[in-house]
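J.: Please read through the structure below; I'll follow up with questions.
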Amino acid sequence: MRTHILFFLLAIIGCVLKGTLGHRNHVVGSSLGWTVPPNKTFYQDWARKTHFAVGERLVFPYKVGVHNVIEVSKEDFENCTQFKVIERHHQGPLTLELTKPGPHYYYCGVGLRCELGQKLAINVSAEAPAVASTFTHSPAQSPSLSSADRVPFAAPLAALLIYVLHYLFM
């Protein structure tokens, strides 16, 4: 009986950790989310502070029918046009996995929201930065963690489950 419980709990730990460790989720706009920003450079200012790598995810929190996410060419991005649309997403909230390195361009195609600054250009690298460089900062900057750098929910849950396993079987 104890062996079955042990395998069951290990399976739960594996499932929980699989989806959260190894992938960083970048919540676009942090606490503001994906909406009309307070200024036209808001999303570019947010992206400038963040490193994006293949295998990580962009999370666009928005309500269906209020916003959308359109991935476009650089020219379409700069002019808020839709001549070379790469992909359209209308179901929010949206999670996109970054699968290709290079520049990626996104904006909201509802009304004049792109013109108002609801647009995001990022450069995705082929590899994630080394752990040491993730937390380095100059003395003039105060250290701050983005939502992607915080400990995922699965880590404390896994620690709790390991403690329970230890208590039950030791």
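All residue names refer to the structure tokens as shown: chains lettered A, B, ... in order, residues numbered from 1 in each chain, ligands numbered from 1 in order.
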Excluding A:Ile70 and residues on its chain fewer than 4 positions from it, collect all residues at most 8 Å away from it, counting only C-alpha atoms, and give them as an MDAnalysis selection string.
T.: chainID A and resid 85:89 106:109
J.: Calculated over only C-alpha atoms, which of the candidates A:Ala53, A:Leu58, A:Val36, A:Val110 has the smallest distance to A:Leu96?
T.: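 Closest candidate: A:Leu58.
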J.: Any idea what's packed within 9 Å of A:Gly65, counting only C-alpha atoms, ignoring anything in its chain fewer than 5 positions away? Could you give it as a list in words?
T.: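 Here the qualifying residues turn out to be His90, Gln91, Gly92 and Val110 of chain A.
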J.: With C-alpha atoms kept, could you save the residues just selected as an mmCIF file, in the first residue's frame?
T.:
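File again_28.cif, as written:
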data_model
loop_
_atom_site.group_PDB
_atom_site.id
_atom_site.type_symbol
_atom_site.label_atom_id
_atom_site.label_comp_id
_atom_site.auth_asym_id
_atom_site.auth_seq_id
_atom_site.Cartn_x
_atom_site.Cartn_y
_atom_site.Cartn_z
ATOM 1 C CA HIS A 90 -8.414 35.997 -30.310
ATOM 2 C CA GLN A 91 -8.817 33.704 -27.279
ATOM 3 C CA GLY A 92 -7.410 35.198 -24.082
ATOM 4 C CA VAL A 110 -8.706 46.028 -31.987
#
J.: How many Å separate atom CA of A:Val54 from atom CA of A:Gly33?
T.: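 Pair atom CA of A:Val54 / atom CA of A:Gly33 returns 21.5 Å.
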J.: Extract, using only C-alpha atoms, all DNA, RNA and protein residues at most 12 Å from A:Ser31, discarding same-chain residues fewer than 3 positions from it, and format them as a list in words.
T.: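 The residues satisfying every condition are His26, Val27, Val28, Trp34, Thr35, Pro37, Tyr43, Trp46, Val59, Phe60, Pro61, Tyr62, Ser146 and Ser147 of chain A.
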J.: Using only C-alpha atoms, which of the listed residues (A:Lys74, A:Lys63, A:Arg57, A:Lys119) sits closest to A:Thr99?
T.: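 Once distances to A:Thr99 are computed over only C-alpha atoms, the minimum belongs to A:Arg57.
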J.: Find the spatial neighbours of A:Gln82, counting only C-alpha atoms, within a cut-off of 10 Å - ignore same-chain residues fewer than 6 positions away - and output them as a count of residues only.
T.: 7
J.: Considering only strand (DSSP E) as DSSP defines it on the backbone, what residues of stretch 28-129 of chain A qualify? List them as a count of residues only.
T.: 32
J.: To one decimal in Å, tell me the separation between atom CA of A:Phe52 and atom CA of A:Asn123.
T.: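 Calculated distance between atom CA of A:Phe52 and atom CA of A:Asn123 is 6.7 Å.
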J.: Using only C-alpha atoms, which of the listed residues (A:Gly117, A:Ala126, A:Arg24, A:Gly29) sits closest to A:Pro103?
T.: A:Ala126
